[in-house]
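Student: Sending over input23.txt (compact mmCIF, C-alpha atoms).
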# COMPACT_ATOMS: atom_id res chain seq x y z
CA MET D 60 -4.04 -42.76 -52.11
CA THR D 61 -0.53 -43.10 -53.48
CA HIS D 62 -0.01 -44.90 -56.78
CA HIS D 63 3.41 -46.04 -57.92
CA PHE D 64 4.75 -46.16 -61.46
CA SER D 65 8.01 -46.79 -63.24
CA VAL D 66 8.79 -44.86 -66.40
CA THR D 67 11.57 -46.19 -68.59
CA THR D 68 12.91 -43.92 -71.30
CA SER D 69 15.20 -45.15 -74.04
CA LEU D 70 16.49 -44.00 -77.39
CA LYS D 71 14.39 -44.86 -80.42
CA LYS D 72 15.66 -47.98 -82.17
CA GLU D 73 16.95 -46.01 -85.17
CA VAL D 74 19.07 -43.72 -82.98
CA LEU D 75 22.67 -44.67 -82.25
CA ASP D 76 23.07 -45.53 -78.55
CA ALA D 77 26.65 -44.28 -78.07
CA GLU D 78 26.66 -45.14 -74.36
CA GLY D 79 25.45 -48.68 -75.00
CA ARG D 80 27.97 -49.21 -77.77
CA THR D 81 30.84 -47.94 -75.60
CA ILE D 82 29.83 -50.28 -72.76
CA CYS D 83 29.55 -53.20 -75.21
CA ASP D 84 33.00 -52.48 -76.70
CA THR D 85 34.50 -52.33 -73.21
CA LEU D 86 32.79 -55.58 -72.15
CA ASN D 87 34.12 -57.32 -75.26
CA SER D 88 37.65 -56.09 -74.66
CA SER D 89 37.39 -57.13 -71.00
CA GLY D 90 36.78 -60.74 -71.89
CA PHE D 91 32.99 -60.82 -72.16
CA LYS D 92 33.24 -61.65 -75.82
CA THR D 93 29.77 -63.22 -76.11
CA VAL D 94 27.96 -59.97 -75.32
CA ARG D 95 26.62 -58.89 -78.69
CA SER D 96 24.96 -55.58 -77.83
CA VAL D 97 24.14 -53.26 -74.97
CA ALA D 98 21.28 -50.77 -74.81
CA VAL D 99 21.02 -48.15 -72.10
CA ALA D 100 17.68 -46.95 -70.71
CA LYS D 101 16.77 -44.81 -67.75
CA THR D 102 14.06 -45.74 -65.26
CA ILE D 103 12.35 -43.10 -63.17
CA PHE D 104 10.00 -44.03 -60.34
CA LEU D 105 6.95 -41.90 -59.60
CA ALA D 106 4.68 -41.85 -56.57
CA VAL D 107 1.46 -40.04 -57.47
CA GLU D 108 -1.14 -38.97 -54.93
CA GLU D 109 -4.57 -39.24 -56.56
CA GLN D 110 -8.02 -40.58 -55.65
CA THR D 111 -8.20 -43.14 -58.43
CA THR D 112 -5.79 -45.38 -60.33
CA GLU D 113 -7.09 -43.98 -63.63
CA LYS D 114 -6.39 -40.39 -62.66
CA ALA D 115 -2.95 -41.29 -61.29
CA SER D 116 -2.12 -43.14 -64.50
CA GLU D 117 -3.25 -40.15 -66.54
CA VAL D 118 -0.95 -37.85 -64.54
CA ALA D 119 1.98 -40.28 -64.85
CA HIS D 120 1.54 -40.52 -68.62
CA LYS D 121 1.42 -36.73 -68.92
CA VAL D 122 4.60 -36.40 -66.84
CA ALA D 123 6.33 -39.05 -68.95
CA LYS D 124 5.24 -37.53 -72.24
CA GLU D 125 5.83 -33.87 -71.50
CA PHE D 126 8.72 -33.96 -69.08
CA LEU D 127 10.64 -37.20 -68.76
CA CYS D 128 10.82 -38.16 -72.42
CA ASN D 129 12.05 -36.18 -75.42
CA PRO D 130 9.77 -37.45 -78.19
CA VAL D 131 12.25 -36.39 -80.86
CA SER D 132 14.78 -39.01 -79.83
CA HIS D 133 13.26 -41.17 -77.10
CA VAL D 134 10.35 -43.48 -76.34
CA TYR D 135 8.97 -44.44 -72.95
CA THR D 136 7.13 -47.29 -71.29
CA LEU D 137 5.06 -46.76 -68.16
CA THR D 138 4.24 -49.53 -65.71
CA ALA D 139 2.14 -49.50 -62.54
CA ILE D 140 4.18 -51.10 -59.76
CA ARG D 141 3.72 -52.09 -56.13
CA GLU D 142 5.07 -49.75 -53.47
CA GLU D 143 7.56 -52.33 -52.26
CA ASP D 144 9.03 -52.56 -55.76
CA ALA D 145 9.88 -48.83 -55.82
CA PRO D 146 13.47 -48.08 -54.73
CA ARG D 147 12.36 -45.78 -51.91
CA MET L 94 16.87 0.42 -83.58
CA ASN L 95 20.61 1.11 -83.26
CA THR L 96 22.69 -1.86 -82.26
CA LYS L 97 23.96 -0.04 -79.18
CA ASP L 98 20.35 0.22 -77.94
CA VAL L 99 19.73 -3.53 -78.08
CA ARG L 100 19.05 -4.71 -74.53
CA VAL L 101 20.84 -8.00 -73.93
CA ALA L 102 19.98 -10.52 -71.20
CA ILE L 103 22.40 -13.32 -70.38
CA ILE L 104 20.35 -15.83 -68.45
CA GLN L 105 21.93 -17.79 -65.63
CA PHE L 106 20.63 -21.21 -64.63
CA PRO L 107 21.96 -23.25 -61.72
CA GLY L 108 24.90 -24.97 -63.38
CA SER L 109 25.52 -22.42 -66.14
CA ASN L 110 29.27 -21.95 -66.37
CA CYS L 111 29.85 -19.94 -69.54
CA ASP L 112 27.73 -16.99 -68.40
CA GLU L 113 30.75 -14.96 -67.29
CA ASP L 114 32.63 -15.74 -70.52
CA LEU L 115 29.65 -14.60 -72.56
CA TYR L 116 29.23 -11.46 -70.46
CA PHE L 117 32.93 -10.71 -70.90
CA ALA L 118 32.68 -11.20 -74.66
CA VAL L 119 29.59 -9.04 -75.14
CA ARG L 120 30.09 -6.40 -72.45
CA ARG L 121 33.87 -6.01 -72.48
CA VAL L 122 35.11 -7.16 -75.87
CA LEU L 123 32.22 -5.86 -77.97
CA GLY L 124 31.74 -2.99 -75.56
CA HIS L 125 27.99 -3.47 -75.52
CA ARG L 126 26.93 -1.62 -72.39
CA ASN L 127 23.27 -2.69 -72.47
CA THR L 128 24.14 -6.16 -71.22
CA GLU L 129 22.84 -7.69 -68.02
CA LYS L 130 23.07 -11.07 -66.32
CA VAL L 131 19.65 -12.35 -65.19
CA TRP L 132 19.04 -15.15 -62.70
CA TYR L 133 16.50 -17.56 -64.17
CA THR L 134 13.88 -17.18 -61.42
CA THR L 135 13.75 -13.39 -61.73
CA GLU L 136 10.11 -12.44 -62.24
CA ASP L 137 8.85 -11.10 -65.53
CA TRP L 138 12.19 -9.84 -66.86
CA SER L 139 11.25 -10.26 -70.49
CA SER L 140 9.93 -6.71 -70.95
CA ARG L 141 13.38 -5.27 -70.15
CA PHE L 142 15.23 -7.02 -72.98
CA ASP L 143 15.29 -7.39 -76.77
CA THR L 144 17.39 -10.52 -76.89
CA VAL L 145 18.30 -13.32 -74.54
CA LEU L 146 21.56 -15.25 -74.71
CA ILE L 147 21.54 -18.69 -73.10
CA PRO L 148 25.07 -19.68 -72.12
CA GLY L 149 26.78 -23.05 -71.96
CA GLY L 150 27.36 -25.19 -68.90
CA PHE L 151 25.49 -27.97 -67.16
CA SER L 152 22.13 -26.53 -66.15
CA TYR L 153 20.60 -28.59 -63.33
CA GLY L 154 23.62 -30.90 -63.56
CA ASP L 155 22.34 -32.17 -66.92
CA PHE L 156 19.99 -34.40 -64.91
CA LEU L 157 17.43 -36.35 -66.96
CA ARG L 158 19.02 -35.13 -70.24
CA ALA L 159 21.23 -32.16 -71.09
CA GLY L 160 19.04 -29.05 -70.97
CA ALA L 161 15.85 -30.98 -70.15
CA LEU L 162 15.09 -29.40 -66.79
CA ALA L 163 16.06 -25.83 -67.69
CA ALA L 164 13.82 -26.16 -70.75
CA ARG L 165 10.86 -26.81 -68.46
CA SER L 166 11.72 -24.14 -65.89
CA VAL L 167 9.96 -20.85 -65.21
CA ALA L 168 12.51 -19.01 -67.36
CA LEU L 169 11.08 -20.38 -70.58
CA ALA L 170 7.94 -18.28 -70.33
CA ASN L 171 10.09 -15.15 -70.35
CA ILE L 172 12.26 -16.39 -73.20
CA LYS L 173 9.16 -17.16 -75.26
CA LYS L 174 7.73 -13.72 -74.50
CA ILE L 175 10.86 -12.03 -75.88
CA HIS L 176 10.63 -14.14 -79.02
CA ASP L 177 6.88 -13.60 -79.44
CA ARG L 178 7.42 -9.85 -79.10
CA GLY L 179 9.82 -9.94 -82.06
CA GLY L 180 13.08 -10.30 -80.16
CA THR L 181 15.85 -12.82 -80.71
CA VAL L 182 17.27 -15.79 -78.81
CA LEU L 183 20.75 -17.28 -79.02
CA GLY L 184 21.61 -20.54 -77.26
CA ILE L 185 25.21 -21.69 -77.07
CA CYS L 186 26.13 -25.31 -76.20
CA ASN L 187 23.91 -26.08 -73.17
CA GLY L 188 21.81 -23.13 -74.35
CA PHE L 189 21.30 -24.94 -77.66
CA GLN L 190 20.36 -28.12 -75.80
CA ILE L 191 17.83 -26.15 -73.75
CA LEU L 192 16.30 -24.67 -76.91
CA THR L 193 15.86 -28.06 -78.59
CA GLU L 194 14.47 -29.60 -75.40
CA SER L 195 11.95 -26.74 -75.15
CA GLY L 196 10.86 -27.15 -78.75
CA LEU L 197 11.94 -23.63 -79.71
CA LEU L 198 14.44 -25.26 -82.06
CA PRO L 199 14.03 -28.52 -83.99
CA GLY L 200 16.02 -31.68 -83.30
CA ALA L 201 17.81 -33.13 -80.31
CA LEU L 202 21.42 -33.15 -79.05
CA LEU L 203 22.55 -36.67 -78.17
CA LYS L 204 25.72 -38.21 -76.79
CA ASN L 205 28.67 -37.84 -79.16
CA ASP L 206 29.02 -40.93 -81.36
CA SER L 207 32.45 -41.60 -79.88
CA GLY L 208 30.94 -41.70 -76.38
CA ARG L 209 33.57 -39.17 -75.31
CA PHE L 210 33.45 -35.59 -74.08
CA ILE L 211 35.19 -33.55 -76.78
CA CYS L 212 37.08 -30.33 -76.13
CA GLN L 213 38.87 -28.94 -79.20
CA GLN L 214 38.96 -26.24 -81.85
CA THR L 215 36.61 -26.83 -84.78
CA ASP L 216 36.63 -25.41 -88.27
CA LEU L 217 33.15 -24.44 -89.36
CA ASN L 218 31.19 -22.96 -92.21
CA LEU L 219 28.80 -20.13 -91.49
CA ILE L 220 26.17 -20.35 -94.16
CA GLU L 221 25.25 -16.88 -95.26
CA THR L 222 21.95 -17.76 -96.92
CA SER L 223 20.72 -19.31 -93.70
CA PHE L 224 21.98 -16.66 -91.34
CA SER L 225 20.76 -13.27 -92.43
CA ALA L 226 22.57 -11.72 -89.48
CA LEU L 227 25.65 -11.97 -91.64
CA LYS L 228 24.24 -9.28 -93.91
CA SER L 229 24.80 -6.82 -91.12
CA PRO L 230 27.59 -4.23 -91.07
CA ALA L 231 29.52 -6.53 -88.76
CA TRP L 232 29.92 -9.05 -91.55
CA ASP L 233 31.86 -6.66 -93.77
CA LYS L 234 33.85 -5.38 -90.85
CA TYR L 235 34.94 -8.71 -89.45
CA PHE L 236 34.65 -11.07 -92.40
CA SER L 237 35.61 -8.70 -95.17
CA SER L 238 37.44 -11.34 -97.20
CA THR L 239 34.13 -12.76 -98.40
CA PRO L 240 31.46 -10.05 -98.25
CA ALA L 241 28.05 -11.59 -97.62
CA GLN L 242 26.36 -9.39 -100.19
CA SER L 243 28.51 -10.53 -103.05
CA SER L 244 29.48 -14.08 -102.28
CA PRO L 245 27.22 -17.10 -101.83
CA LYS L 246 30.11 -19.10 -100.38
CA PRO L 247 30.01 -19.99 -96.68
CA GLN L 248 32.39 -18.17 -94.39
CA ALA L 249 34.98 -20.33 -92.67
CA VAL L 250 35.25 -19.66 -88.94
CA ARG L 251 36.99 -21.38 -86.06
CA PHE L 252 35.28 -21.80 -82.70
CA PRO L 253 36.09 -24.24 -79.89
CA ILE L 254 33.69 -26.93 -78.74
CA ALA L 255 33.43 -28.57 -75.31
CA HIS L 256 30.59 -31.05 -74.99
CA GLY L 257 29.59 -34.65 -74.38
CA GLU L 258 26.14 -34.34 -75.96
CA GLY L 259 26.50 -32.48 -79.21
CA ARG L 260 25.42 -35.00 -81.81
CA TYR L 261 22.62 -33.26 -83.67
CA PHE L 262 19.75 -35.60 -84.47
CA LEU L 263 16.53 -35.24 -86.42
CA PRO L 264 13.99 -38.00 -86.97
CA GLY L 265 12.77 -39.25 -90.34
CA ASP L 266 12.75 -36.85 -93.22
CA SER L 267 12.96 -33.68 -91.12
CA LEU L 268 16.39 -32.88 -92.53
CA ALA L 269 14.95 -32.13 -95.97
CA ARG L 270 12.57 -29.64 -94.43
CA LEU L 271 15.37 -28.00 -92.44
CA ARG L 272 17.42 -27.61 -95.62
CA GLU L 273 14.47 -26.32 -97.59
CA ASN L 274 13.76 -23.67 -94.96
CA LYS L 275 17.46 -22.75 -94.83
CA GLN L 276 17.49 -23.36 -91.09
CA ILE L 277 21.02 -24.77 -90.99
CA PHE L 278 23.34 -21.81 -90.44
CA LEU L 279 26.48 -23.51 -89.14
CA GLN L 280 28.17 -26.77 -90.18
CA TYR L 281 31.36 -28.50 -89.12
CA GLN L 282 33.85 -28.87 -91.93
CA SER L 283 34.43 -32.32 -90.46
CA THR L 284 31.99 -33.46 -87.80
CA PRO L 285 33.67 -34.27 -84.48
CA ASN L 286 30.61 -35.80 -82.83
CA GLY L 287 28.54 -37.64 -85.44
CA SER L 288 26.07 -34.81 -86.04
CA LEU L 289 23.57 -35.38 -88.80
CA ASP L 290 24.68 -33.51 -91.95
CA ASP L 291 27.63 -32.03 -89.98
CA ILE L 292 25.15 -29.66 -88.32
CA ALA L 293 26.63 -27.39 -85.65
CA GLY L 294 23.90 -24.74 -85.52
CA VAL L 295 20.28 -24.27 -86.59
CA ARG L 296 17.73 -21.51 -86.45
CA SER L 297 13.97 -21.60 -85.96
CA GLU L 298 11.41 -21.25 -88.71
CA SER L 299 10.72 -17.76 -87.38
CA GLY L 300 14.38 -16.96 -88.12
CA ARG L 301 14.94 -15.35 -84.72
CA VAL L 302 15.99 -18.28 -82.51
CA PHE L 303 19.53 -19.56 -83.04
CA GLY L 304 21.37 -22.43 -81.39
CA LEU L 305 24.91 -23.69 -81.86
CA MET L 306 27.17 -26.13 -80.04
CA PRO L 307 30.51 -24.31 -80.62
CA HIS L 308 31.49 -21.42 -78.35
CA PRO L 309 31.94 -18.09 -80.16
CA GLU L 310 32.39 -16.35 -76.79
CA ARG L 311 35.64 -18.31 -76.34
CA ALA L 312 37.01 -16.95 -79.62
CA VAL L 313 37.17 -13.25 -78.90
CA ASN L 314 40.59 -12.44 -77.52
CA GLY L 315 43.02 -14.19 -79.84
CA LEU L 316 44.64 -16.16 -77.05
CA GLY L 317 46.25 -19.42 -78.10
CA GLU L 318 44.41 -20.99 -81.00
CA SER L 319 41.10 -19.38 -80.18
CA GLY L 320 41.29 -16.52 -82.68
CA THR L 321 38.73 -13.75 -82.83
CA ASP L 322 35.99 -15.04 -85.13
CA GLY L 323 33.56 -14.92 -82.22
CA ILE L 324 33.65 -11.11 -82.21
CA GLY L 325 32.18 -10.90 -85.69
CA PHE L 326 29.63 -13.59 -84.97
CA LEU L 327 28.32 -12.03 -81.78
CA GLN L 328 28.40 -8.51 -83.21
CA ALA L 329 26.52 -9.68 -86.30
CA PHE L 330 23.93 -11.28 -84.03
CA LEU L 331 23.41 -8.00 -82.17
CA ASP L 332 23.20 -6.08 -85.47
CA PHE L 333 20.65 -8.61 -86.68
CA THR L 334 18.61 -8.13 -83.49
CA ALA L 335 18.67 -4.36 -83.98
CA GLU L 336 17.39 -4.85 -87.50
CA VAL L 337 14.53 -7.23 -86.75
CA CYS L 338 13.47 -6.16 -83.26
CA HIS L 339 11.10 -3.21 -83.08
CA THR L 340 9.94 -3.40 -79.48
Represent the supplied structure as structure tokens.

Tutor:
Amino acid sequence: MTHHFSVTTSLKKEVLDAEGRTICDTLNSSGFKTVRSVAVAKTIFLAVEEQTTEKASEVAHKVAKEFLCNPVSHVYTLTAIREEDAPR
Amino acid sequence: MNTKDVRVAIIQFPGSNCDEDLYFAVRRVLGHRNTEKVWYTTEDWSSRFDTVLIPGGFSYGDFLRAGALAARSVALANIKKIHDRGGTVLGICNGFQILTESGLLPGALLKNDSGRFICQQTDLNLIETSFSALKSPAWDKYFSSTPAQSSPKPQAVRFPIAHGEGRYFLPGDSLARLRENKQIFLQYQSTPNGSLDDIAGVRSESGRVFGLMPHPERAVNGLGESGTDGIGFLQAFLDFTAEVCHT
């Protein structure tokens, strides 16, 4: 059975988000003056083939922790999603 | 071991683009004949080398994060074997990013605080107490104005940088530990990218894994503003390898 997950990685709160700040500055100078801040995160979608939801979730967490996220600078959130909500 | 006997691997990942520059610098400029380029999927190459140089570029297109995928590739097992056997590792630019992503070096390299890709010359301080390679004969030969043995002052060098993700970051109080262990061997005189403590290069606790964002291999022929400080740096690294590596 295929289980679907989304993994969102983002910089820890104490780390300067240079990309987010640059986007925010550009929005402000483009007329969107009420935008106060921008934070950039990356979402990765996984389809995991496992017998049970628990096992699939375990694999997805391991992938997120050891591969998709750099724990020095980033945090991640993992969410089980429906197949139709995955981009492909 | 004599320096000339040090067996040097320059690893090539898909997307490496400073491999030829590094090969030119080591093989042609330093004249180090025992230098070989190695494709990253080559099987069990570690036994043939005493040191591995990881060049700059955009391995795997910098997908996920700079260096993240190369750091989790099959090549890392070989790199770790060389280190565990007593050999040395030097990562330059993307090579440094790969080494931090793999955990062989502390910290992380994040987007420059300006949000821009920066390509320029940088003035740096090589910190002698943190980089024992500078006690090699190459130090006196190339940096004779401030002999390492007699002067505690850092040596000023000029290397170019070319990166979008070179802002060195450490969480919490890790910086104090890095300083205490003398793991910072290279600092910008004025940070161009927002690096913590002006850090441009660090070494591992073992003292045999080095990573730096600037490009010493682009400062070997004296063309333009590039100078030749890279010759002394790379030669000192090979001398250091000869001294510490007994495989």

Student: Residues of chain L were defined as contacting chain D if any atom lay at most 12 Å from it, counting only C-alpha atoms; please report them as a PyMOL selection string.

Tutor: chain L and resi 156-166+190-191+193-196+198-210+257-265+267+286-289

Student: Quick one: write out the picked residues with C-alpha atoms as a PDB file, keeping the file's coordinate frame?

Tutor:
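In the end it all went to out-v5.pdb:
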ATOM      1  CA  PHE L 156      19.990 -34.400 -64.910  1.00  0.00           C
ATOM      2  CA  LEU L 157      17.430 -36.350 -66.960  1.00  0.00           C
ATOM      3  CA  ARG L 158      19.020 -35.130 -70.240  1.00  0.00           C
ATOM      4  CA  ALA L 159      21.230 -32.160 -71.090  1.00  0.00           C
ATOM      5  CA  GLY L 160      19.040 -29.050 -70.970  1.00  0.00           C
ATOM      6  CA  ALA L 161      15.850 -30.980 -70.150  1.00  0.00           C
ATOM      7  CA  LEU L 162      15.090 -29.400 -66.790  1.00  0.00           C
ATOM      8  CA  ALA L 163      16.060 -25.830 -67.690  1.00  0.00           C
ATOM      9  CA  ALA L 164      13.820 -26.160 -70.750  1.00  0.00           C
ATOM     10  CA  ARG L 165      10.860 -26.810 -68.460  1.00  0.00           C
ATOM     11  CA  SER L 166      11.720 -24.140 -65.890  1.00  0.00           C
ATOM     12  CA  GLN L 190      20.360 -28.120 -75.800  1.00  0.00           C
ATOM     13  CA  ILE L 191      17.830 -26.150 -73.750  1.00  0.00           C
ATOM     14  CA  THR L 193      15.860 -28.060 -78.590  1.00  0.00           C
ATOM     15  CA  GLU L 194      14.470 -29.600 -75.400  1.00  0.00           C
ATOM     16  CA  SER L 195      11.950 -26.740 -75.150  1.00  0.00           C
ATOM     17  CA  GLY L 196      10.860 -27.150 -78.750  1.00  0.00           C
ATOM     18  CA  LEU L 198      14.440 -25.260 -82.060  1.00  0.00           C
ATOM     19  CA  PRO L 199      14.030 -28.520 -83.990  1.00  0.00           C
ATOM     20  CA  GLY L 200      16.020 -31.680 -83.300  1.00  0.00           C
ATOM     21  CA  ALA L 201      17.810 -33.130 -80.310  1.00  0.00           C
ATOM     22  CA  LEU L 202      21.420 -33.150 -79.050  1.00  0.00           C
ATOM     23  CA  LEU L 203      22.550 -36.670 -78.170  1.00  0.00           C
ATOM     24  CA  LYS L 204      25.720 -38.210 -76.790  1.00  0.00           C
ATOM     25  CA  ASN L 205      28.670 -37.840 -79.160  1.00  0.00           C
ATOM     26  CA  ASP L 206      29.020 -40.930 -81.360  1.00  0.00           C
ATOM     27  CA  SER L 207      32.450 -41.600 -79.880  1.00  0.00           C
ATOM     28  CA  GLY L 208      30.940 -41.700 -76.380  1.00  0.00           C
ATOM     29  CA  ARG L 209      33.570 -39.170 -75.310  1.00  0.00           C
ATOM     30  CA  PHE L 210      33.450 -35.590 -74.080  1.00  0.00           C
ATOM     31  CA  GLY L 257      29.590 -34.650 -74.380  1.00  0.00           C
ATOM     32  CA  GLU L 258      26.140 -34.340 -75.960  1.00  0.00           C
ATOM     33  CA  GLY L 259      26.500 -32.480 -79.210  1.00  0.00           C
ATOM     34  CA  ARG L 260      25.420 -35.000 -81.810  1.00  0.00           C
ATOM     35  CA  TYR L 261      22.620 -33.260 -83.670  1.00  0.00           C
ATOM     36  CA  PHE L 262      19.750 -35.600 -84.470  1.00  0.00           C
ATOM     37  CA  LEU L 263      16.530 -35.240 -86.420  1.00  0.00           C
ATOM     38  CA  PRO L 264      13.990 -38.000 -86.970  1.00  0.00           C
ATOM     39  CA  GLY L 265      12.770 -39.250 -90.340  1.00  0.00           C
ATOM     40  CA  SER L 267      12.960 -33.680 -91.120  1.00  0.00           C
ATOM     41  CA  ASN L 286      30.610 -35.800 -82.830  1.00  0.00           C
ATOM     42  CA  GLY L 287      28.540 -37.640 -85.440  1.00  0.00           C
ATOM     43  CA  SER L 288      26.070 -34.810 -86.040  1.00  0.00           C
ATOM     44  CA  LEU L 289      23.570 -35.380 -88.800  1.00  0.00           C
TER      45      LEU L 289
END

Student: Rounded to one decimal, what separation in Å do you get between atom CA of Ser65 of chain D and atom CA of Thr112 of chain D?

Tutor: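 According to the coordinates, atom CA of Ser65 of chain D and atom CA of Thr112 of chain D are separated by 14.2 Å.
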
Student: Ranking L:Phe333, L:Phe326, L:Phe303, L:Phe189 by minimum distance to Val250 of chain L and counting all atoms listed in the file, which one comes first?

Tutor: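 With all atoms listed in the file as the atom set, the closest residue is L:Phe326.
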
Student: Leaving out Leu219 of chain L and any residue of its chain fewer than 3 positions from it, which residues lie within 6 Å of it when counting only C-alpha atoms, given as a compact mmCIF listing (two decimals) with C-alpha atoms, keeping the file's coordinate frame?

Tutor:
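Result file follows (selection-v3.txt):
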# COMPACT_ATOMS: atom_id res chain seq x y z
CA PRO L 247 30.01 -19.99 -96.68
CA GLN L 248 32.39 -18.17 -94.39
CA PHE L 278 23.34 -21.81 -90.44
CA LEU L 279 26.48 -23.51 -89.14

Student: Name the closest residue to Leu115 of chain L among the candidates L:Val99, L:Ile324, L:Ile254, L:Leu271; distances are taken between atoms, counting all atoms listed in the file.

Tutor: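 Smallest separation from Leu115 of chain L among the options: L:Ile324.
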